[in-house]
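Visitor: Take a look at my_file-v6.txt, compact mmCIF, C-alpha atoms:
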# COMPACT_ATOMS: atom_id res chain seq x y z
CA MET A 1 -24.00 52.98 11.45
CA THR A 2 -20.45 53.86 10.48
CA SER A 3 -19.12 53.01 13.96
CA PHE A 4 -21.00 49.70 13.81
CA THR A 5 -19.29 48.84 10.51
CA ILE A 6 -15.88 49.88 11.81
CA GLU A 7 -16.44 47.82 14.95
CA ASN A 8 -17.40 44.80 12.78
CA LEU A 9 -14.24 45.24 10.73
CA ARG A 10 -12.13 45.45 13.89
CA TYR A 11 -13.78 42.32 15.25
CA LYS A 12 -13.25 40.48 11.96
CA ALA A 13 -9.59 41.57 11.81
CA SER A 14 -9.15 40.47 15.41
CA ALA A 15 -10.81 37.10 14.71
CA ASN A 16 -8.62 36.61 11.63
CA GLN A 17 -5.53 37.43 13.66
CA GLN A 18 -6.57 34.94 16.32
CA VAL A 19 -6.96 32.23 13.69
CA GLU A 20 -3.61 33.15 12.14
CA ASP A 21 -1.98 33.10 15.60
CA ALA A 22 -3.56 29.74 16.42
CA ILE A 23 -2.33 28.19 13.18
CA SER A 24 1.12 29.80 13.47
CA TYR A 25 1.44 28.53 17.04
CA TYR A 26 2.32 25.07 15.74
CA GLN A 27 5.82 24.40 14.50
CA SER A 28 5.17 21.58 12.06
CA PRO A 29 3.31 22.02 8.78
CA GLU A 30 1.22 18.96 9.65
CA LYS A 31 -0.05 20.50 12.91
CA ARG A 32 -0.71 23.77 11.08
CA ARG A 33 -2.76 21.92 8.45
CA ILE A 34 -4.82 20.25 11.18
CA ALA A 35 -5.52 23.65 12.79
CA LEU A 36 -6.29 25.20 9.41
CA ARG A 37 -8.70 22.38 8.51
CA LYS A 38 -10.63 23.12 11.72
CA ALA A 39 -10.66 26.86 10.93
CA LEU A 40 -11.87 26.17 7.38
CA ALA A 41 -14.66 23.97 8.73
CA ALA A 42 -15.83 26.92 10.83
CA SER A 43 -15.30 29.54 8.08
CA PRO A 44 -15.26 27.77 4.67
CA ASP A 45 -15.56 31.02 2.68
CA ASP A 46 -12.73 32.88 4.40
CA ALA A 47 -10.35 33.94 1.62
CA ARG A 48 -7.51 34.52 4.06
CA LEU A 49 -7.71 30.91 5.24
CA HIS A 50 -7.60 29.72 1.64
CA GLN A 51 -4.45 31.78 1.10
CA TYR A 52 -2.93 30.14 4.16
CA ARG A 53 -3.93 26.77 2.72
CA LEU A 54 -1.94 27.55 -0.43
CA ARG A 55 1.11 28.40 1.69
CA LEU A 56 0.83 25.06 3.52
CA THR A 57 0.83 23.19 0.21
CA SER A 58 3.73 25.05 -1.40
CA PRO A 59 6.22 23.14 -3.59
CA LYS A 60 8.82 23.56 -0.84
CA LEU A 61 6.56 21.85 1.72
CA VAL A 62 5.65 19.11 -0.77
CA ALA A 63 9.38 18.43 -1.29
CA GLN A 64 9.94 18.50 2.47
CA ALA A 65 7.13 15.97 2.97
CA MET A 66 8.45 13.79 0.15
CA ALA A 67 11.88 13.62 1.82
CA SER A 68 10.38 11.37 4.52
CA GLY A 69 9.14 8.92 1.91
CA VAL A 70 6.15 8.57 -0.38
CA PHE A 71 3.36 6.15 0.52
CA LEU A 72 1.49 4.72 -2.47
CA SER A 73 -2.16 4.13 -1.62
CA TYR A 74 -4.25 2.17 -4.12
CA SER A 75 -6.88 -0.47 -4.71
CA ARG A 76 -5.80 -3.94 -5.81
CA ALA A 77 -7.75 -3.31 -9.03
CA ASP A 78 -5.05 -0.74 -9.93
CA GLU A 79 -2.07 -2.94 -9.07
CA LEU A 80 -0.41 -2.93 -12.52
CA PHE A 81 -0.68 0.86 -12.78
CA VAL A 82 0.83 1.27 -9.31
CA ILE A 83 3.77 -1.02 -10.01
CA GLU A 84 4.58 0.93 -13.18
CA LEU A 85 4.25 4.25 -11.33
CA ALA A 86 6.43 3.05 -8.43
CA ASP A 87 9.12 1.91 -10.87
CA HIS A 88 9.13 5.26 -12.69
CA LEU A 89 9.27 7.22 -9.43
CA ARG A 90 12.13 5.10 -8.11
CA GLU A 91 14.03 5.61 -11.38
CA VAL A 92 14.11 9.37 -10.70
CA GLY A 93 15.13 8.93 -7.06
CA VAL A 94 11.82 9.12 -5.20
CA GLN A 95 11.79 7.02 -2.03
CA VAL A 96 8.51 5.15 -2.61
CA TRP A 97 6.86 2.77 -0.16
CA LEU A 98 4.62 0.18 -1.80
CA ASP A 99 3.22 -2.68 0.25
CA MET A 100 3.66 -5.42 -2.36
CA MET A 101 7.32 -4.48 -2.86
CA ASP A 102 8.34 -3.36 0.61
CA ILE A 103 6.77 -5.86 3.01
CA GLU A 104 8.68 -9.07 3.56
CA THR A 105 6.55 -12.21 3.31
CA ASP A 106 7.02 -13.17 6.96
CA PHE A 107 6.32 -9.66 8.30
CA ASP A 108 3.01 -8.50 9.80
CA TRP A 109 1.24 -6.69 6.94
CA ASN A 110 -0.97 -4.44 9.13
CA PHE A 111 1.98 -3.36 11.29
CA ALA A 112 4.09 -2.59 8.20
CA VAL A 113 1.32 -0.48 6.64
CA GLN A 114 0.71 1.46 9.87
CA SER A 115 4.43 2.06 10.26
CA ALA A 116 4.71 3.35 6.69
CA LEU A 117 1.65 5.59 7.18
CA THR A 118 3.37 7.07 10.25
CA ASN A 119 6.82 7.47 8.71
CA CYS A 120 6.07 8.64 5.16
CA GLY A 121 5.51 12.35 4.69
CA LEU A 122 3.60 12.36 1.39
CA MET A 123 0.97 10.06 0.00
CA ILE A 124 0.26 9.47 -3.65
CA ALA A 125 -3.35 8.30 -3.68
CA VAL A 126 -4.09 6.38 -6.86
CA LEU A 127 -7.75 7.00 -7.62
CA SER A 128 -10.17 5.00 -9.70
CA PRO A 129 -13.79 3.89 -9.23
CA ALA A 130 -12.47 0.84 -7.33
CA ALA A 131 -10.14 2.94 -5.13
CA LEU A 132 -12.95 5.27 -4.12
CA LYS A 133 -14.96 2.25 -2.92
CA ASP A 134 -12.02 0.37 -1.36
CA GLU A 135 -12.32 0.74 2.42
CA ALA A 136 -8.62 0.07 3.08
CA ALA A 137 -7.53 2.75 0.59
CA ARG A 138 -10.10 5.19 2.00
CA SER A 139 -8.83 4.51 5.51
CA GLU A 140 -5.23 5.15 4.43
CA ARG A 141 -6.19 8.48 2.82
CA ARG A 142 -8.22 9.50 5.88
CA THR A 143 -5.35 8.57 8.26
CA PHE A 144 -2.91 10.69 6.27
CA PHE A 145 -5.28 13.63 5.90
CA GLU A 146 -6.23 13.63 9.60
CA ALA A 147 -2.52 13.63 10.49
CA GLY A 148 -2.15 16.86 8.50
CA LYS A 149 0.01 15.18 5.88
CA LEU A 150 -0.21 15.94 2.18
CA VAL A 151 -2.02 13.65 -0.22
CA GLN A 152 -1.25 13.97 -3.94
CA PRO A 153 -4.19 12.46 -5.83
CA VAL A 154 -3.41 10.65 -9.08
CA VAL A 155 -6.33 9.60 -11.30
CA ALA A 156 -5.52 6.22 -12.84
CA ARG A 157 -9.00 5.71 -14.24
CA ARG A 158 -11.74 8.32 -14.59
CA CYS A 159 -13.87 8.60 -11.49
CA ASP A 160 -16.15 11.07 -9.74
CA LEU A 161 -14.12 13.20 -7.32
CA LYS A 162 -16.88 15.59 -6.22
CA ASP A 163 -17.09 14.11 -2.70
CA VAL A 164 -13.32 13.83 -2.24
CA ASP A 165 -11.43 16.75 -0.71
CA PHE A 166 -7.71 17.01 -1.35
CA TRP A 167 -5.55 20.07 -0.83
CA LEU A 168 -3.33 19.22 -3.81
CA SER A 169 -4.81 19.18 -7.29
CA PRO A 170 -5.45 15.76 -8.82
CA ILE A 171 -3.16 14.72 -11.66
CA ASP A 172 -4.87 12.86 -14.48
CA PHE A 173 -3.16 9.75 -15.83
CA SER A 174 -6.37 8.32 -17.31
CA ARG A 175 -5.94 9.86 -20.77
CA ASP A 176 -2.18 9.63 -21.21
CA TYR A 177 0.20 7.98 -18.75
CA THR A 178 3.29 9.84 -20.00
CA VAL A 179 1.63 13.26 -19.72
CA GLY A 180 0.37 12.32 -16.26
CA LEU A 181 3.83 11.20 -15.16
CA HIS A 182 5.44 14.44 -16.36
CA SER A 183 2.72 16.45 -14.57
CA LEU A 184 3.31 14.48 -11.37
CA LEU A 185 7.08 14.94 -11.53
CA ARG A 186 6.56 18.67 -12.07
CA ALA A 187 4.17 18.81 -9.09
CA LEU A 188 6.80 17.04 -6.99
CA SER A 189 9.48 19.48 -8.23
CA ILE A 190 11.48 16.68 -9.83
CA GLU A 191 13.50 17.73 -12.85
CA VAL A 192 13.97 15.07 -15.49
CA PHE A 193 16.16 15.81 -18.46
Could you render the structure from this file as structure tokens?
Guide:
Amino acid sequence: MTSFTIENLRYKASANQQVEDAISYYQSPEKRRIALRKALAASPDDARLHQYRLRLTSPKLVAQAMASGVFLSYSRADELFVIELADHLREVGVQVWLDMMDIETDFDWNFAVQSALTNCGLMIAVLSPAALKDEAARSERRTFFEAGKLVQPVVARRCDLKDVDFWLSPIDFSRDYTVGLHSLLRALSIEVF
């Protein structure tokens, strides 16, 4: 029985190494996240994969993603909150893309949104009961997630997040906007004096 256990451990170590090699094969963090998501789907309880997940969501990688621009995803019901958030983020130097501010009136809205989804490296997903039901916002989050990009959830109004899977921890603005903003800036590694 001892040899059987040792053989199982060797096989498990070999399988883990194969997963690690497969994920490490890709150069970009986005491609690595896609590979890791597939590995986690096959082995959701694998602690080693969860450690790798933490590495792929490090503050350095969040800052790297943010350098390509930040896409604000929201439901129209949360428009006032989003405008205020976009203004505060721009004040501290964050390159924010927001449809109602960044699409010219004569430009094709769908094309502009798809282009921003492709070009931005980080999404701030403003969540509320309306946003969780809004098909356009859900589609934007899904597009970003499936591309291996990072989504930073921000809770504008209390809602049930049990069926929503994000790799970055949600930041709660629903109780106190100022506390939420400071928490978000800290999560984005932005120092405000």
Visitor: I'd like to know which of A:Phe145, A:Tyr52, A:Phe107, A:Trp97 is closest to Leu72 (chain A), using only C-alpha atoms.
Guide: A:Trp97
Visitor: My list of candidates is A:Leu184, A:Val94, A:Ala137, A:Ala125. Which is closest to Phe166 (chain A) when distances are computed with all atoms listed in the file?
Guide: A:Ala125
Visitor: Kindly give the distance, in Å, that separates CA of Gly121 (chain A) and CA of Val155 (chain A), rounded to a single decimal.
Guide: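 According to the coordinates, CA of Gly121 (chain A) and CA of Val155 (chain A) are separated by 20.1 Å.
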Visitor: What is the distance, in Å and to one decimal place, between CA of Arg55 (chain A) and CA of Ala136 (chain A)?
Guide: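 Pair CA of Arg55 (chain A) / CA of Ala136 (chain A) returns 30.0 Å.
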Visitor: Go through region 38-80 of chain A residue by residue and, counting only C-alpha atoms, keep those with an atom at most 9 Å from region 126-132 of chain A; for each kept residue give the shortest atom pair and its distance in Å to one decimal, ordered by chain and increasing number, as JSON lines.
Guide:
{"residue": "A:Leu72", "atom": "CA", "partner": "A:Val126", "partner_atom": "CA", "distance": 7.3}
{"residue": "A:Ser73", "atom": "CA", "partner": "A:Val126", "partner_atom": "CA", "distance": 6.0}
{"residue": "A:Tyr74", "atom": "CA", "partner": "A:Val126", "partner_atom": "CA", "distance": 5.0}
{"residue": "A:Ser75", "atom": "CA", "partner": "A:Ala131", "partner_atom": "CA", "distance": 4.7}
{"residue": "A:Arg76", "atom": "CA", "partner": "A:Ala131", "partner_atom": "CA", "distance": 8.2}
{"residue": "A:Ala77", "atom": "CA", "partner": "A:Ala130", "partner_atom": "CA", "distance": 6.5}
{"residue": "A:Asp78", "atom": "CA", "partner": "A:Ser128", "partner_atom": "CA", "distance": 7.7}
Visitor: Using all atoms listed in the file, which residue out of A:Phe81, A:Phe71, A:Trp167, A:Tyr177 lies closest to Leu117 (chain A)?
Guide: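 Checking each of A:Phe81, A:Phe71, A:Trp167, A:Tyr177 against Leu117 (chain A), counting all atoms listed in the file, the winner is A:Phe71.
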Visitor: What is the CA of Ala187 (chain A) to CA of Asp87 (chain A) distance in Å?
Guide: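 CA of Asp87 (chain A) lies at a distance of 17.7 Å from CA of Ala187 (chain A).
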Visitor: Using only C-alpha atoms, which residues sit within 12 Å of Leu54 (chain A) once same-chain residues fewer than 4 positions away are excluded, as number ranges by chain?
Guide: A: 29, 33, 36, 47-50, 58-62, 167-169
Visitor: So that I have them on file, write out the residues from the current selection with C-alpha atoms, as a short mmCIF file (atom, residue, chain, number, x, y, z; two decimals), keeping the file's coordinate frame.
Guide:
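Wrote result09.cif, looks like this:
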data_model
loop_
_atom_site.label_atom_id
_atom_site.label_comp_id
_atom_site.auth_asym_id
_atom_site.auth_seq_id
_atom_site.Cartn_x
_atom_site.Cartn_y
_atom_site.Cartn_z
CA PRO A 29 3.31 22.02 8.78
CA ARG A 33 -2.76 21.92 8.45
CA LEU A 36 -6.29 25.20 9.41
CA ALA A 47 -10.35 33.94 1.62
CA ARG A 48 -7.51 34.52 4.06
CA LEU A 49 -7.71 30.91 5.24
CA HIS A 50 -7.60 29.72 1.64
CA SER A 58 3.73 25.05 -1.40
CA PRO A 59 6.22 23.14 -3.59
CA LYS A 60 8.82 23.56 -0.84
CA LEU A 61 6.56 21.85 1.72
CA VAL A 62 5.65 19.11 -0.77
CA TRP A 167 -5.55 20.07 -0.83
CA LEU A 168 -3.33 19.22 -3.81
CA SER A 169 -4.81 19.18 -7.29
#
Visitor: Measuring between all atoms listed in the file, which one of A:Ala112, A:Met123, A:Ala41, A:Val96 shows the shortest distance to Ala147 (chain A)?
Guide: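 Among the listed residues, A:Met123 lies closest to Ala147 (chain A).
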Visitor: For Leu188 (chain A), which of A:Ser43, A:Thr57, A:Ser115, A:Gln27 is the closest residue, counting only C-alpha atoms?
Guide: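 Once distances to Leu188 (chain A) are computed over only C-alpha atoms, the minimum belongs to A:Thr57.
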Visitor: Which residues are near Gly180 (chain A)? Cut-off 9 Å, all atoms listed in the file, ignore same chain within fewer than 6 positions. Put them as a list in words.
Guide: Val154, Val155, Ile171, Asp172, Phe173 and Ser174 of chain A
Visitor: Using all atoms listed in the file, can you tell me which of A:Val82, A:Val151, A:Ala116, A:Cys159 comes closest to Lys133 (chain A)?
Guide: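 For Lys133 (chain A), the nearest of the given residues is A:Cys159.
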Visitor: Could you rebuild region 141-164 of chain A with N, CA and C atoms and give it back as a PDB file, keeping the file's coordinate frame?
Guide:
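As a result, result-v5.pdb now contains:
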ATOM      1  N   ARG A 141      -6.107   7.048   3.172  1.00  0.00           N
ATOM      2  CA  ARG A 141      -6.190   8.480   2.820  1.00  0.00           C
ATOM      3  C   ARG A 141      -6.668   9.298   4.014  1.00  0.00           C
ATOM      4  N   ARG A 142      -7.667   8.794   4.712  1.00  0.00           N
ATOM      5  CA  ARG A 142      -8.220   9.500   5.880  1.00  0.00           C
ATOM      6  C   ARG A 142      -7.153   9.626   6.976  1.00  0.00           C
ATOM      7  N   THR A 143      -6.405   8.558   7.242  1.00  0.00           N
ATOM      8  CA  THR A 143      -5.350   8.570   8.260  1.00  0.00           C
ATOM      9  C   THR A 143      -4.320   9.649   7.933  1.00  0.00           C
ATOM     10  N   PHE A 144      -3.913   9.703   6.687  1.00  0.00           N
ATOM     11  CA  PHE A 144      -2.910  10.690   6.270  1.00  0.00           C
ATOM     12  C   PHE A 144      -3.471  12.104   6.399  1.00  0.00           C
ATOM     13  N   PHE A 145      -4.674  12.308   5.890  1.00  0.00           N
ATOM     14  CA  PHE A 145      -5.280  13.630   5.900  1.00  0.00           C
ATOM     15  C   PHE A 145      -5.492  14.124   7.334  1.00  0.00           C
ATOM     16  N   GLU A 146      -5.978  13.249   8.214  1.00  0.00           N
ATOM     17  CA  GLU A 146      -6.230  13.630   9.600  1.00  0.00           C
ATOM     18  C   GLU A 146      -4.938  13.916  10.356  1.00  0.00           C
ATOM     19  N   ALA A 147      -3.821  13.354   9.885  1.00  0.00           N
ATOM     20  CA  ALA A 147      -2.520  13.630  10.490  1.00  0.00           C
ATOM     21  C   ALA A 147      -1.920  14.928   9.957  1.00  0.00           C
ATOM     22  N   GLY A 148      -2.634  15.605   9.055  1.00  0.00           N
ATOM     23  CA  GLY A 148      -2.150  16.860   8.500  1.00  0.00           C
ATOM     24  C   GLY A 148      -1.104  16.678   7.414  1.00  0.00           C
ATOM     25  N   LYS A 149      -0.970  15.451   6.938  1.00  0.00           N
ATOM     26  CA  LYS A 149       0.010  15.180   5.880  1.00  0.00           C
ATOM     27  C   LYS A 149      -0.610  15.445   4.519  1.00  0.00           C
ATOM     28  N   LEU A 150       0.251  15.622   3.533  1.00  0.00           N
ATOM     29  CA  LEU A 150      -0.210  15.940   2.180  1.00  0.00           C
ATOM     30  C   LEU A 150      -0.516  14.672   1.388  1.00  0.00           C
ATOM     31  N   VAL A 151      -1.602  14.744   0.653  1.00  0.00           N
ATOM     32  CA  VAL A 151      -2.020  13.650  -0.220  1.00  0.00           C
ATOM     33  C   VAL A 151      -2.060  14.202  -1.650  1.00  0.00           C
ATOM     34  N   GLN A 152      -1.250  13.596  -2.524  1.00  0.00           N
ATOM     35  CA  GLN A 152      -1.250  13.970  -3.940  1.00  0.00           C
ATOM     36  C   GLN A 152      -2.121  12.969  -4.691  1.00  0.00           C
ATOM     37  N   PRO A 153      -3.333  13.383  -5.095  1.00  0.00           N
ATOM     38  CA  PRO A 153      -4.190  12.460  -5.830  1.00  0.00           C
ATOM     39  C   PRO A 153      -3.721  12.269  -7.270  1.00  0.00           C
ATOM     40  N   VAL A 154      -3.775  11.033  -7.720  1.00  0.00           N
ATOM     41  CA  VAL A 154      -3.410  10.650  -9.080  1.00  0.00           C
ATOM     42  C   VAL A 154      -4.583   9.842  -9.622  1.00  0.00           C
ATOM     43  N   VAL A 155      -5.157  10.271 -10.721  1.00  0.00           N
ATOM     44  CA  VAL A 155      -6.330   9.600 -11.300  1.00  0.00           C
ATOM     45  C   VAL A 155      -5.846   8.574 -12.322  1.00  0.00           C
ATOM     46  N   ALA A 156      -5.931   7.299 -11.943  1.00  0.00           N
ATOM     47  CA  ALA A 156      -5.520   6.220 -12.840  1.00  0.00           C
ATOM     48  C   ALA A 156      -6.613   5.915 -13.859  1.00  0.00           C
ATOM     49  N   ARG A 157      -7.846   5.916 -13.372  1.00  0.00           N
ATOM     50  CA  ARG A 157      -9.000   5.710 -14.240  1.00  0.00           C
ATOM     51  C   ARG A 157     -10.062   6.723 -13.850  1.00  0.00           C
ATOM     52  N   ARG A 158     -10.731   7.273 -14.851  1.00  0.00           N
ATOM     53  CA  ARG A 158     -11.740   8.320 -14.590  1.00  0.00           C
ATOM     54  C   ARG A 158     -12.703   7.895 -13.491  1.00  0.00           C
ATOM     55  N   CYS A 159     -12.950   8.850 -12.592  1.00  0.00           N
ATOM     56  CA  CYS A 159     -13.870   8.600 -11.490  1.00  0.00           C
ATOM     57  C   CYS A 159     -14.427   9.939 -10.999  1.00  0.00           C
ATOM     58  N   ASP A 160     -15.471   9.879 -10.235  1.00  0.00           N
ATOM     59  CA  ASP A 160     -16.150  11.070  -9.740  1.00  0.00           C
ATOM     60  C   ASP A 160     -15.480  11.529  -8.443  1.00  0.00           C
ATOM     61  N   LEU A 161     -14.858  12.697  -8.475  1.00  0.00           N
ATOM     62  CA  LEU A 161     -14.120  13.200  -7.320  1.00  0.00           C
ATOM     63  C   LEU A 161     -14.866  14.285  -6.550  1.00  0.00           C
ATOM     64  N   LYS A 162     -16.150  14.470  -6.836  1.00  0.00           N
ATOM     65  CA  LYS A 162     -16.880  15.590  -6.220  1.00  0.00           C
ATOM     66  C   LYS A 162     -16.979  15.478  -4.698  1.00  0.00           C
ATOM     67  N   ASP A 163     -16.982  14.270  -4.148  1.00  0.00           N
ATOM     68  CA  ASP A 163     -17.090  14.110  -2.700  1.00  0.00           C
ATOM     69  C   ASP A 163     -15.734  13.889  -2.025  1.00  0.00           C
ATOM     70  N   VAL A 164     -14.658  14.052  -2.773  1.00  0.00           N
ATOM     71  CA  VAL A 164     -13.320  13.830  -2.240  1.00  0.00           C
ATOM     72  C   VAL A 164     -12.614  15.172  -2.132  1.00  0.00           C
TER      73      VAL A 164
END
